[in-house]
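**Student:** The following file, structure.csv, comprises CSV, C-alpha atoms and all ligand atoms:
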```
chain,number,residue,atom,x,y,z
A,12,MET,CA,-135.9,-79.7,74.8
A,13,THR,CA,-139.5,-79.1,76.0
A,14,ILE,CA,-142.2,-77.7,73.8
A,15,LEU,CA,-144.2,-75.0,75.6
A,16,ASP,CA,-147.7,-76.2,74.8
A,17,GLY,CA,-149.7,-73.0,74.8
A,18,LYS,CA,-152.7,-74.7,73.4
A,19,ALA,CA,-153.0,-77.2,76.3
A,20,VAL,CA,-152.2,-74.7,78.9
A,21,SER,CA,-154.7,-72.2,77.6
A,22,GLU,CA,-157.4,-74.9,77.5
A,23,GLU,CA,-156.8,-75.5,81.2
A,24,ILE,CA,-156.9,-71.8,82.0
A,25,LEU,CA,-160.1,-71.4,80.1
A,26,GLU,CA,-161.7,-74.4,81.8
A,27,ASP,CA,-160.7,-72.9,85.2
A,28,LEU,CA,-162.2,-69.6,84.2
A,29,ARG,CA,-165.4,-71.3,83.2
A,30,ILE,CA,-165.7,-73.1,86.5
A,31,GLU,CA,-165.0,-69.8,88.4
A,32,ILE,CA,-167.5,-67.9,86.4
A,33,THR,CA,-170.2,-70.6,86.9
A,34,ASP,CA,-169.6,-70.4,90.7
A,35,LEU,CA,-169.8,-66.6,90.7
A,36,LEU,CA,-173.1,-66.7,88.7
A,37,ASN,CA,-174.5,-69.4,91.1
A,38,GLN,CA,-173.8,-67.0,93.9
A,39,GLY,CA,-176.2,-64.6,92.3
A,40,ASN,CA,-173.7,-62.3,90.6
A,41,ARG,CA,-174.5,-60.7,87.3
A,42,VAL,CA,-173.0,-62.0,84.0
A,43,PRO,CA,-169.5,-60.7,83.1
A,44,ARG,CA,-169.5,-58.6,79.9
A,45,LEU,CA,-166.9,-57.7,77.3
A,46,ASP,CA,-167.6,-55.2,74.5
A,47,ILE,CA,-165.5,-55.5,71.4
A,48,ILE,CA,-165.4,-52.7,68.8
A,49,ILE,CA,-164.4,-53.7,65.2
A,50,VAL,CA,-164.2,-51.4,62.2
A,51,GLY,CA,-164.1,-52.6,58.6
A,52,HIS,CA,-163.7,-56.1,57.2
A,53,ASP,CA,-160.1,-57.2,57.7
A,54,TYR,CA,-160.2,-61.0,57.4
A,55,ALA,CA,-157.9,-61.8,60.3
A,56,SER,CA,-159.6,-59.2,62.6
A,57,GLU,CA,-163.0,-60.6,61.9
A,58,LYS,CA,-161.7,-64.1,62.5
A,59,TYR,CA,-160.1,-63.1,65.9
A,60,VAL,CA,-163.3,-61.3,67.0
A,61,SER,CA,-165.6,-64.3,66.1
A,62,MET,CA,-163.1,-66.6,68.0
A,63,LYS,CA,-163.3,-64.3,71.1
A,64,GLU,CA,-167.1,-64.3,70.8
A,65,LYS,CA,-167.3,-68.1,70.6
A,66,LYS,CA,-164.8,-68.8,73.4
A,67,GLY,CA,-166.2,-66.0,75.7
A,68,LYS,CA,-169.7,-67.3,75.4
A,69,LYS,CA,-168.6,-70.8,76.3
A,70,LEU,CA,-167.1,-69.4,79.5
A,71,GLY,CA,-170.4,-67.7,80.4
A,72,ILE,CA,-169.3,-64.2,79.4
A,73,LYS,CA,-171.6,-61.9,77.6
A,74,ILE,CA,-169.8,-60.7,74.5
A,75,VAL,CA,-171.2,-57.6,72.7
A,76,VAL,CA,-169.6,-56.9,69.3
A,77,HIS,CA,-170.0,-53.4,67.9
A,78,LYS,CA,-169.4,-53.5,64.1
A,79,PHE,CA,-168.7,-50.5,62.0
A,80,GLU,CA,-168.0,-49.9,58.4
A,81,ASP,CA,-164.6,-48.2,57.7
A,82,ASP,CA,-166.3,-44.9,56.9
A,83,VAL,CA,-167.3,-44.5,60.6
A,84,THR,CA,-166.1,-41.3,62.2
A,85,GLU,CA,-163.7,-41.3,65.1
A,86,GLU,CA,-166.2,-39.2,67.0
A,87,VAL,CA,-168.8,-42.0,66.8
A,88,LEU,CA,-166.3,-44.6,68.1
A,89,LYS,CA,-165.3,-42.3,71.0
A,90,GLN,CA,-168.9,-41.6,71.9
A,91,LEU,CA,-169.6,-45.3,72.1
A,92,ILE,CA,-166.6,-45.9,74.3
A,93,VAL,CA,-167.7,-43.1,76.6
A,94,LYS,CA,-171.1,-44.6,76.9
A,95,LEU,CA,-169.6,-48.0,77.6
A,96,ASN,CA,-167.3,-46.5,80.2
A,97,ASP,CA,-170.3,-45.2,82.0
A,98,ASP,CA,-172.3,-48.4,81.8
A,99,SER,CA,-171.8,-50.3,85.1
A,100,LEU,CA,-172.8,-53.6,83.4
A,101,VAL,CA,-169.8,-53.4,81.1
A,102,ASP,CA,-166.6,-54.9,82.5
A,103,GLY,CA,-164.1,-54.7,79.6
A,104,ILE,CA,-163.9,-52.7,76.4
A,105,MET,CA,-161.5,-53.5,73.6
A,106,VAL,CA,-160.9,-52.2,70.1
A,107,GLN,CA,-159.8,-54.8,67.6
A,108,LEU,CA,-156.6,-53.7,66.0
A,109,PRO,CA,-155.4,-52.7,63.5
A,110,LEU,CA,-158.0,-50.1,62.6
A,111,PRO,CA,-158.4,-49.8,58.8
A,112,LYS,CA,-155.9,-47.7,57.0
A,113,GLY,CA,-156.9,-46.9,53.4
A,114,SER,CA,-158.3,-43.4,52.5
A,115,LYS,CA,-159.2,-42.7,56.1
A,116,THR,CA,-156.6,-42.8,58.8
A,117,PHE,CA,-157.9,-43.4,62.4
A,118,ASN,CA,-156.0,-42.0,65.3
A,119,THR,CA,-155.6,-45.3,67.2
A,120,LYS,CA,-154.0,-43.7,70.2
A,121,GLU,CA,-156.8,-41.2,70.7
A,122,ILE,CA,-159.5,-43.9,70.3
A,123,LEU,CA,-157.8,-46.2,72.8
A,124,GLU,CA,-157.1,-43.4,75.2
A,125,THR,CA,-160.9,-42.9,75.5
A,126,ILE,CA,-161.2,-46.3,77.2
A,127,ASP,CA,-161.4,-45.9,81.0
A,128,ILE,CA,-158.3,-47.6,82.5
A,129,SER,CA,-160.6,-49.6,84.9
A,130,LYS,CA,-162.1,-51.3,81.8
A,131,ASP,CA,-159.0,-51.5,79.7
A,132,VAL,CA,-159.1,-55.3,79.4
A,133,ASP,CA,-156.6,-55.3,76.5
A,134,GLY,CA,-154.1,-53.2,78.5
A,135,LEU,CA,-153.3,-50.8,75.6
A,136,THR,CA,-154.0,-47.4,77.0
A,137,TYR,CA,-150.9,-45.5,77.9
A,138,SER,CA,-151.7,-45.8,81.6
A,139,SER,CA,-151.9,-49.6,81.3
A,140,LEU,CA,-148.7,-49.7,79.2
A,141,GLY,CA,-147.0,-47.8,82.0
A,142,SER,CA,-148.5,-49.7,84.9
A,143,VAL,CA,-146.9,-53.0,83.9
A,144,TRP,CA,-143.4,-51.4,84.5
A,145,VAL,CA,-144.5,-50.5,88.0
A,146,GLU,CA,-147.0,-53.0,89.3
A,147,ARG,CA,-146.7,-56.7,88.9
A,148,GLU,CA,-150.5,-57.3,89.3
A,149,SER,CA,-151.6,-54.6,86.9
A,150,ILE,CA,-153.8,-55.5,83.9
A,151,GLY,CA,-151.5,-55.7,80.9
A,152,ALA,CA,-151.7,-56.4,77.1
A,153,ALA,CA,-153.0,-59.8,76.4
A,154,THR,CA,-150.1,-61.3,74.4
A,155,PRO,CA,-147.3,-60.4,76.9
A,156,THR,CA,-149.6,-61.4,79.8
A,157,GLY,CA,-150.1,-64.8,78.1
A,158,ILE,CA,-146.3,-65.2,77.6
A,159,ILE,CA,-145.6,-64.5,81.3
A,160,ARG,CA,-148.3,-67.0,82.3
A,161,LEU,CA,-146.8,-69.6,80.0
A,162,LEU,CA,-143.4,-69.2,81.6
A,163,GLU,CA,-145.0,-69.4,85.1
A,164,GLU,CA,-147.0,-72.6,84.2
A,165,TYR,CA,-143.7,-74.3,83.2
A,166,ASP,CA,-141.9,-73.0,86.3
A,167,ILE,CA,-139.3,-71.2,84.2
A,168,ASP,CA,-137.2,-69.0,86.3
A,169,ILE,CA,-137.2,-65.3,85.3
A,170,VAL,CA,-135.4,-63.7,88.3
A,171,GLY,CA,-131.9,-62.5,87.4
A,172,LYS,CA,-132.1,-64.0,83.9
A,173,ASN,CA,-130.9,-62.2,80.8
A,174,ALA,CA,-134.1,-61.6,78.7
A,175,VAL,CA,-133.9,-60.2,75.2
A,176,VAL,CA,-137.1,-59.0,73.6
A,177,VAL,CA,-136.8,-58.5,69.8
A,178,GLY,CA,-139.6,-56.1,68.6
A,179,ARG,CA,-140.8,-53.0,70.4
A,180,SER,CA,-144.4,-52.7,69.4
A,181,LYS,CA,-147.0,-51.3,71.9
A,182,ILE,CA,-149.0,-54.5,71.8
A,183,VAL,CA,-146.2,-57.0,72.4
A,184,GLY,CA,-142.5,-56.0,72.9
A,185,LEU,CA,-142.8,-52.9,75.1
A,186,PRO,CA,-145.3,-54.2,77.6
A,187,LEU,CA,-143.5,-57.6,77.7
A,188,ALA,CA,-140.2,-55.8,78.5
A,189,GLY,CA,-141.9,-54.1,81.4
A,190,MET,CA,-143.4,-57.3,82.7
A,191,LEU,CA,-140.1,-59.1,82.6
A,192,ALA,CA,-138.2,-56.2,84.2
A,193,ARG,CA,-140.9,-56.1,87.0
A,194,ARG,CA,-140.2,-59.8,87.5
A,195,ASP,CA,-136.5,-59.1,88.0
A,196,ALA,CA,-135.1,-60.2,84.7
A,197,THR,CA,-132.4,-58.1,83.1
A,198,VAL,CA,-134.1,-56.9,79.9
A,199,THR,CA,-132.8,-55.8,76.6
A,200,VAL,CA,-135.2,-54.5,73.9
A,201,ALA,CA,-133.9,-55.0,70.4
A,202,HIS,CA,-135.5,-53.7,67.1
A,203,SER,CA,-134.9,-53.1,63.5
A,204,LYS,CA,-132.2,-50.5,64.2
A,205,SER,CA,-130.3,-52.7,66.7
A,206,GLU,CA,-126.7,-53.4,65.7
A,207,ASN,CA,-125.2,-56.8,66.2
A,208,LEU,CA,-128.6,-58.5,66.7
A,209,THR,CA,-127.1,-62.0,66.6
A,210,ASP,CA,-124.7,-61.2,69.4
A,211,ILE,CA,-127.4,-59.6,71.5
A,212,CYS,CA,-129.7,-62.6,71.1
A,213,LYS,CA,-126.9,-65.0,71.7
A,214,GLU,CA,-126.6,-63.6,75.3
A,215,ALA,CA,-130.3,-64.3,76.1
A,216,ASP,CA,-131.4,-66.9,78.6
A,217,ILE,CA,-134.9,-66.0,77.6
A,218,LEU,CA,-135.3,-64.9,73.9
A,219,VAL,CA,-138.7,-63.5,72.9
A,220,VAL,CA,-139.2,-62.6,69.2
A,221,GLY,CA,-142.1,-60.6,67.8
A,222,ILE,CA,-141.0,-59.1,64.5
A,223,GLY,CA,-143.2,-60.5,61.8
A,224,LYS,CA,-140.4,-62.0,59.8
A,225,PRO,CA,-140.9,-65.7,58.9
A,226,GLU,CA,-138.3,-68.0,60.4
A,227,TYR,CA,-135.8,-65.2,60.8
A,228,ILE,CA,-134.3,-66.5,64.0
A,229,THR,CA,-131.9,-69.4,63.4
A,230,THR,CA,-129.3,-71.1,65.6
A,231,ASP,CA,-127.0,-68.2,64.9
A,232,PHE,CA,-129.1,-66.1,67.3
A,233,VAL,CA,-129.7,-68.7,70.1
A,234,LYS,CA,-127.6,-69.6,73.1
A,235,GLU,CA,-127.5,-73.3,74.0
A,236,GLY,CA,-130.1,-74.0,76.7
A,237,ALA,CA,-132.1,-70.8,76.1
A,238,VAL,CA,-135.9,-70.4,76.4
A,239,VAL,CA,-137.2,-69.3,73.0
A,240,ILE,CA,-140.6,-67.7,72.8
A,241,ASP,CA,-141.9,-67.1,69.3
A,242,ILE,CA,-144.7,-64.5,69.0
A,243,GLY,CA,-144.7,-64.2,65.2
A,244,ILE,CA,-147.6,-65.4,63.0
A,245,ASN,CA,-146.6,-65.4,59.4
A,246,ARG,CA,-147.3,-67.4,56.2
A,247,ASP,CA,-144.3,-69.0,54.5
A,248,TYR,CA,-144.1,-69.3,50.7
A,249,ASP,CA,-146.3,-72.4,50.7
A,250,GLY,CA,-148.9,-70.7,52.7
A,251,ASN,CA,-148.1,-72.6,56.0
A,252,LEU,CA,-148.4,-70.8,59.3
A,253,VAL,CA,-144.8,-70.2,60.7
A,254,GLY,CA,-143.3,-68.1,63.4
A,255,ASP,CA,-140.4,-65.6,63.5
A,256,VAL,CA,-138.2,-68.5,64.7
A,257,ASP,CA,-136.9,-71.3,62.5
A,258,PHE,CA,-138.4,-74.0,64.8
A,259,ASP,CA,-136.7,-77.0,63.2
A,260,ASP,CA,-133.3,-75.3,63.1
A,261,VAL,CA,-133.4,-74.0,66.7
A,262,LYS,CA,-135.3,-76.7,68.6
A,263,ASN,CA,-132.3,-78.9,69.4
A,264,LEU,CA,-130.3,-76.1,70.8
A,265,CYS,CA,-132.7,-74.6,73.3
A,266,GLU,CA,-134.2,-76.0,76.5
A,267,TYR,CA,-137.7,-74.7,75.9
A,268,ILE,CA,-139.5,-73.4,72.8
A,269,THR,CA,-143.0,-72.4,71.7
A,270,PRO,CA,-144.4,-73.8,68.5
A,271,VAL,CA,-146.3,-71.8,65.9
A,272,PRO,CA,-149.2,-72.4,65.9
A,273,GLY,CA,-150.1,-73.7,69.4
A,274,GLY,CA,-147.7,-71.6,71.5
A,275,VAL,CA,-148.2,-67.9,72.2
A,276,GLY,CA,-151.4,-67.5,70.1
A,277,PRO,CA,-153.8,-69.5,72.3
A,278,MET,CA,-152.2,-67.9,75.4
A,279,THR,CA,-153.3,-64.5,74.2
A,280,ILE,CA,-157.0,-65.3,74.3
A,281,ALA,CA,-156.6,-67.0,77.7
A,282,ALA,CA,-154.9,-63.9,79.0
A,283,LEU,CA,-157.7,-61.6,77.6
A,284,PHE,CA,-160.4,-63.6,79.5
A,285,THR,CA,-158.2,-63.8,82.6
A,286,ASN,CA,-157.9,-60.0,82.5
A,287,LEU,CA,-161.7,-59.7,82.1
A,288,LEU,CA,-162.4,-61.9,85.1
A,289,LYS,CA,-160.0,-59.9,87.2
A,290,ILE,CA,-161.9,-56.7,86.3
A,291,TYR,CA,-165.3,-58.3,86.8
A,292,LYS,CA,-164.4,-59.6,90.3
A,293,ARG,CA,-163.4,-56.0,91.2
A,294,ASN,CA,-166.7,-54.8,89.9
A,295,VAL,CA,-169.1,-57.3,91.4
A,296,ARG,CA,-167.4,-56.9,94.9
A,297,THR,CA,-168.6,-53.3,94.9
A,298,TYR,CA,-172.2,-54.2,94.1
B,1,LIG,P1,-145.0,-54.5,64.5
B,1,LIG,O1,-144.8,-54.4,63.0
B,1,LIG,O2,-145.9,-53.5,65.1
B,1,LIG,O3,-143.6,-54.4,65.2
B,1,LIG,C1,-142.5,-55.2,64.8
B,1,LIG,C2,-141.3,-54.9,65.6
B,1,LIG,O4,-140.3,-55.8,65.1
B,1,LIG,C3,-140.8,-53.5,65.5
B,1,LIG,O5,-140.4,-53.0,66.8
B,1,LIG,C4,-139.6,-53.6,64.6
B,1,LIG,O6,-138.6,-52.6,64.8
B,1,LIG,C5,-139.1,-55.0,64.9
B,1,LIG,N1,-138.4,-55.6,63.7
B,1,LIG,C6,-138.9,-55.7,62.5
B,1,LIG,N2,-137.9,-56.4,61.7
B,1,LIG,C7,-136.9,-56.6,62.5
B,1,LIG,C8,-135.6,-57.2,62.3
B,1,LIG,N3,-135.2,-57.6,61.2
B,1,LIG,N4,-134.8,-57.2,63.4
B,1,LIG,C9,-135.1,-56.7,64.6
B,1,LIG,N5,-136.3,-56.2,64.9
B,1,LIG,C10,-137.2,-56.1,63.8
B,1,LIG,O7,-145.5,-56.0,64.7
B,1,LIG,P2,-146.3,-56.6,66.0
B,1,LIG,O8,-145.6,-56.4,67.2
B,1,LIG,O9,-147.8,-56.2,65.8
B,1,LIG,O10,-146.3,-58.1,65.6
B,1,LIG,C11,-145.1,-58.8,65.5
B,1,LIG,C12,-145.4,-60.3,65.1
B,1,LIG,O11,-146.1,-60.9,66.2
B,1,LIG,C13,-146.3,-60.4,63.9
B,1,LIG,O12,-145.9,-61.6,63.2
B,1,LIG,C14,-147.7,-60.6,64.4
B,1,LIG,O13,-148.5,-61.3,63.5
B,1,LIG,C15,-147.4,-61.4,65.7
B,1,LIG,N6,-148.4,-61.2,66.7
B,1,LIG,C16,-148.8,-62.3,67.3
B,1,LIG,C17,-149.7,-62.3,68.4
B,1,LIG,C18,-150.1,-63.6,69.0
B,1,LIG,O14,-151.1,-63.6,69.7
B,1,LIG,N7,-149.4,-64.6,68.9
B,1,LIG,C19,-150.3,-61.0,68.8
B,1,LIG,C20,-149.7,-59.9,68.2
B,1,LIG,C21,-148.8,-60.0,67.1
B,1,LIG,P3,-138.8,-51.0,64.7
B,1,LIG,O15,-139.6,-50.6,65.9
B,1,LIG,O16,-137.4,-50.5,64.7
B,1,LIG,O17,-139.6,-50.8,63.4
```
Would you write the structure of this file as structure tokens?
**Tutor:**
Amino acid sequence: MTILDGKAVSEEILEDLRIEITDLLNQGNRVPRLDIIIVGHDYASEKYVSMKEKKGKKLGIKIVVHKFEDDVTEEVLKQLIVKLNDDSLVDGIMVQLPLPKGSKTFNTKEILETIDISKDVDGLTYSSLGSVWVERESIGAATPTGIIRLLEEYDIDIVGKNAVVVGRSKIVGLPLAGMLARRDATVTVAHSKSENLTDICKEADILVVGIGKPEYITTDFVKEGAVVIDIGINRDYDGNLVGDVDFDDVKNLCEYITPVPGGVGPMTIAALFTNLLKIYKRNVRTY
């Protein structure tokens, strides 16, 4: 069994990005820029944004965070996005999700759809979500992009493999299914209404789970020699960070497995900045 070390791989990717950005800046190009919009004070969201800010700055990227209280109107958010769409110095725009619920419900889809697809660094507009099913090189959502990169870094064969993606959210399961299908896997998307989930999962050469249920996936769900990718980030009863897969139960049955933490999580941030650099290189070439 091999542990897919997302932390180590992501550090290598980030270092390569840093070197590439330094070269581009030394050639006289402008600084790449990512604008992040955050609404409210969700603890995890604020933590993710400050991590992106810190890591991005280390790479030589200008990170501009637009913070709003949760009483901000949708109109204000959309107007800001339109302004950023029109600003040629802005490469990527992202809205930190989830938007606050509470008394005011934001229409997340409408807000995201305001982002111009050419700046959709997080790959969450409907156009980007569709593109990953059609074009291999299109900019896709960060977490699934990071998962594909992790598989590639370990030379894990996708072509012709039976891939089962459990979870069908727009940020993870759906785009990942598209990316795997585009790379010639035979893909099944399972969800909370799926019957015989254990049987479906048992058929998987590549089993990817993003359901938000601590240690739900045990050996009953896993085929011997499978590749198991755990997207889940949960707290167990003792407050420890655990995935959707029962790592200790499953680890000896599979050939590859991601740990939580240190698997998919760090790859997500590496993928976000890889996406940003792709967009930036498109932009500076036209200068
Ligand atoms: P959502 O709640 O949006 O989606 C969960 C999905 O899992 C839904 O499609 C749901 O089915 C399905 N599901 C729930 N319970 C079951 C079950 N018992 N059996 C089968 N399918 C089930 O969650 P997210 O996609 O946002 O997140 C999923 C997990 O991934 C969370 O733990 C989250 O913290 C983590 N995550 C990690 C990231 C990272 O960078 N590592 C990034 C994003 C998320 P249905 O559609 O029928 O409701």
**Student:** Using all atoms listed in the file, can you tell me which of A:Leu35, A:Leu283, A:Ala196, A:Cys265 comes closest to Ile14 in chain A?
**Tutor:**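 Checking each of A:Leu35, A:Leu283, A:Ala196, A:Cys265 against Ile14 in chain A, counting all atoms listed in the file, the winner is A:Cys265.
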**Student:** Given all atoms listed in the file as the basis, pick out the residue of A:Glu26, A:Asp260, A:Asp133, A:Asp34 nearest to ligand LIG 1 (chain B).
**Tutor:**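 Looking at the shortest contact to ligand LIG 1 (chain B), the residue is A:Asp133.
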**Student:** Could you check which of A:Ser205, A:Asn251, A:Ser61, A:Thr125 is closest to ligand LIG 1 (chain B), using all atoms listed in the file?
**Tutor:**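 When distances to ligand LIG 1 (chain B) are compared using all atoms listed in the file, the smallest one comes from A:Ser205.
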**Student:** Between A:Val219, A:Ile104, A:Leu288, A:Val233, single out the one closest to ligand LIG 1 (chain B), counting all atoms listed in the file.
**Tutor:**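 When distances to ligand LIG 1 (chain B) are compared using all atoms listed in the file, the smallest one comes from A:Val219.
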**Student:** Distance limit 9 Å, reference ligand LIG 1 (chain B), atoms considered: all atoms listed in the file. Which residues make the cut? Give them as a JSON list (two decimals) with C-alpha atoms, keeping the file's coordinate frame.
**Tutor:**
```json
[["chain", "number", "residue", "atom", "x", "y", "z"],
["A", 109, "PRO", "CA", -155.40, -52.70, 63.50],
["A", 153, "ALA", "CA", -153.00, -59.80, 76.40],
["A", 154, "THR", "CA", -150.10, -61.30, 74.40],
["A", 155, "PRO", "CA", -147.30, -60.40, 76.90],
["A", 157, "GLY", "CA", -150.10, -64.80, 78.10],
["A", 177, "VAL", "CA", -136.80, -58.50, 69.80],
["A", 178, "GLY", "CA", -139.60, -56.10, 68.60],
["A", 179, "ARG", "CA", -140.80, -53.00, 70.40],
["A", 180, "SER", "CA", -144.40, -52.70, 69.40],
["A", 181, "LYS", "CA", -147.00, -51.30, 71.90],
["A", 182, "ILE", "CA", -149.00, -54.50, 71.80],
["A", 183, "VAL", "CA", -146.20, -57.00, 72.40],
["A", 184, "GLY", "CA", -142.50, -56.00, 72.90],
["A", 185, "LEU", "CA", -142.80, -52.90, 75.10],
["A", 200, "VAL", "CA", -135.20, -54.50, 73.90],
["A", 201, "ALA", "CA", -133.90, -55.00, 70.40],
["A", 202, "HIS", "CA", -135.50, -53.70, 67.10],
["A", 203, "SER", "CA", -134.90, -53.10, 63.50],
["A", 204, "LYS", "CA", -132.20, -50.50, 64.20],
["A", 205, "SER", "CA", -130.30, -52.70, 66.70],
["A", 208, "LEU", "CA", -128.60, -58.50, 66.70],
["A", 220, "VAL", "CA", -139.20, -62.60, 69.20],
["A", 221, "GLY", "CA", -142.10, -60.60, 67.80],
["A", 222, "ILE", "CA", -141.00, -59.10, 64.50],
["A", 223, "GLY", "CA", -143.20, -60.50, 61.80],
["A", 224, "LYS", "CA", -140.40, -62.00, 59.80],
["A", 225, "PRO", "CA", -140.90, -65.70, 58.90],
["A", 227, "TYR", "CA", -135.80, -65.20, 60.80],
["A", 241, "ASP", "CA", -141.90, -67.10, 69.30],
["A", 242, "ILE", "CA", -144.70, -64.50, 69.00],
["A", 243, "GLY", "CA", -144.70, -64.20, 65.20],
["A", 244, "ILE", "CA", -147.60, -65.40, 63.00],
["A", 245, "ASN", "CA", -146.60, -65.40, 59.40],
["A", 254, "GLY", "CA", -143.30, -68.10, 63.40],
["A", 255, "ASP", "CA", -140.40, -65.60, 63.50],
["A", 271, "VAL", "CA", -146.30, -71.80, 65.90],
["A", 272, "PRO", "CA", -149.20, -72.40, 65.90],
["A", 274, "GLY", "CA", -147.70, -71.60, 71.50],
["A", 275, "VAL", "CA", -148.20, -67.90, 72.20],
["A", 276, "GLY", "CA", -151.40, -67.50, 70.10],
["A", 277, "PRO", "CA", -153.80, -69.50, 72.30],
["A", 278, "MET", "CA", -152.20, -67.90, 75.40],
["A", 279, "THR", "CA", -153.30, -64.50, 74.20],
["A", 280, "ILE", "CA", -157.00, -65.30, 74.30]]
```
**Student:** With only C-alpha atoms as the basis for distance, which of A:Ile158, A:Leu287, A:Leu100, A:Val198 is at the shortest distance from Thr269 in chain A?
**Tutor:**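 Comparing A:Ile158, A:Leu287, A:Leu100, A:Val198 against Thr269 in chain A, the winner is A:Ile158.
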**Student:** In Å, with one decimal, what is the gap from CA of Asp127 in chain A to CA of Leu45 in chain A?
**Tutor:**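 These atoms are spaced 13.5 Å apart.
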**Student:** Which polymer residues, whether protein, DNA or RNA, lie within 9 Å of the coordinate (-146.6, -73.1, 76.6) when you count all atoms listed in the file? List them as a list in words, using the chain letters and numbers from the file.
**Tutor:**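 Protein, DNA and RNA residues close to (-146.6, -73.1, 76.6): Ile14, Leu15, Asp16, Gly17, Lys18, Ala19, Val20, Ser21, Ile158, Arg160, Leu161, Leu162, Glu164, Tyr165, Ile240, Ile268, Thr269, Pro270, Gly273, Gly274, Val275 and Met278 of chain A.
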**Student:** Those residues you just picked out, can you put them in a file as a PDB file, keeping the file's coordinate frame with C-alpha atoms?
**Tutor:**
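This is the output file part.pdb:
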```
ATOM      1  CA  ILE A  14    -142.200 -77.700  73.800  1.00  0.00           C
ATOM      2  CA  LEU A  15    -144.200 -75.000  75.600  1.00  0.00           C
ATOM      3  CA  ASP A  16    -147.700 -76.200  74.800  1.00  0.00           C
ATOM      4  CA  GLY A  17    -149.700 -73.000  74.800  1.00  0.00           C
ATOM      5  CA  LYS A  18    -152.700 -74.700  73.400  1.00  0.00           C
ATOM      6  CA  ALA A  19    -153.000 -77.200  76.300  1.00  0.00           C
ATOM      7  CA  VAL A  20    -152.200 -74.700  78.900  1.00  0.00           C
ATOM      8  CA  SER A  21    -154.700 -72.200  77.600  1.00  0.00           C
ATOM      9  CA  ILE A 158    -146.300 -65.200  77.600  1.00  0.00           C
ATOM     10  CA  ARG A 160    -148.300 -67.000  82.300  1.00  0.00           C
ATOM     11  CA  LEU A 161    -146.800 -69.600  80.000  1.00  0.00           C
ATOM     12  CA  LEU A 162    -143.400 -69.200  81.600  1.00  0.00           C
ATOM     13  CA  GLU A 164    -147.000 -72.600  84.200  1.00  0.00           C
ATOM     14  CA  TYR A 165    -143.700 -74.300  83.200  1.00  0.00           C
ATOM     15  CA  ILE A 240    -140.600 -67.700  72.800  1.00  0.00           C
ATOM     16  CA  ILE A 268    -139.500 -73.400  72.800  1.00  0.00           C
ATOM     17  CA  THR A 269    -143.000 -72.400  71.700  1.00  0.00           C
ATOM     18  CA  PRO A 270    -144.400 -73.800  68.500  1.00  0.00           C
ATOM     19  CA  GLY A 273    -150.100 -73.700  69.400  1.00  0.00           C
ATOM     20  CA  GLY A 274    -147.700 -71.600  71.500  1.00  0.00           C
ATOM     21  CA  VAL A 275    -148.200 -67.900  72.200  1.00  0.00           C
ATOM     22  CA  MET A 278    -152.200 -67.900  75.400  1.00  0.00           C
TER      23      MET A 278
END
```
**Student:** Would you mind listing what lies within 10 Å of Thr33 in chain A as a list of chain:residue names, with only C-alpha atoms counted and same-chain residues fewer than 3 positions away left out?
**Tutor:**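 Listed by chain and then number, they are A:Asp27, A:Leu28, A:Arg29, A:Ile30, A:Leu36, A:Asn37, A:Gln38, A:Asn40, A:Val42, A:Leu70, A:Gly71, A:Ile72.
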**Student:** Pull out range 65-93 of chain A, keep C-alpha atoms, and write it as a compact mmCIF listing (two decimals), in the first residue's frame.
**Tutor:**
```txt
# COMPACT_ATOMS: atom_id res chain seq x y z
CA LYS A 65 -0.31 33.61 2.91
CA LYS A 66 0.59 30.91 0.36
CA GLY A 67 -0.21 33.13 -2.62
CA LYS A 68 1.99 35.96 -1.36
CA LYS A 69 4.89 33.50 -0.90
CA LEU A 70 4.56 32.59 -4.57
CA GLY A 71 4.74 36.23 -5.67
CA ILE A 72 1.02 36.55 -6.37
CA LYS A 73 -0.91 39.67 -5.37
CA ILE A 74 -3.89 38.53 -3.32
CA VAL A 75 -6.66 41.06 -2.78
CA VAL A 76 -9.30 40.01 -0.24
CA HIS A 77 -12.69 41.77 -0.36
CA LYS A 78 -14.38 41.27 3.01
CA PHE A 79 -18.08 41.90 3.55
CA GLU A 80 -20.42 41.58 6.51
CA ASP A 81 -23.28 39.13 5.98
CA ASP A 82 -25.78 41.98 5.53
CA VAL A 83 -24.15 42.93 2.21
CA THR A 84 -26.56 42.89 -0.72
CA GLU A 85 -26.17 40.56 -3.67
CA GLU A 86 -26.13 43.62 -5.90
CA VAL A 87 -23.00 44.98 -4.21
CA LEU A 88 -21.22 41.64 -4.66
CA LYS A 89 -22.23 41.40 -8.30
CA GLN A 90 -21.16 45.00 -9.00
CA LEU A 91 -17.75 44.27 -7.50
CA ILE A 92 -17.39 41.14 -9.65
CA VAL A 93 -18.33 43.10 -12.79
```
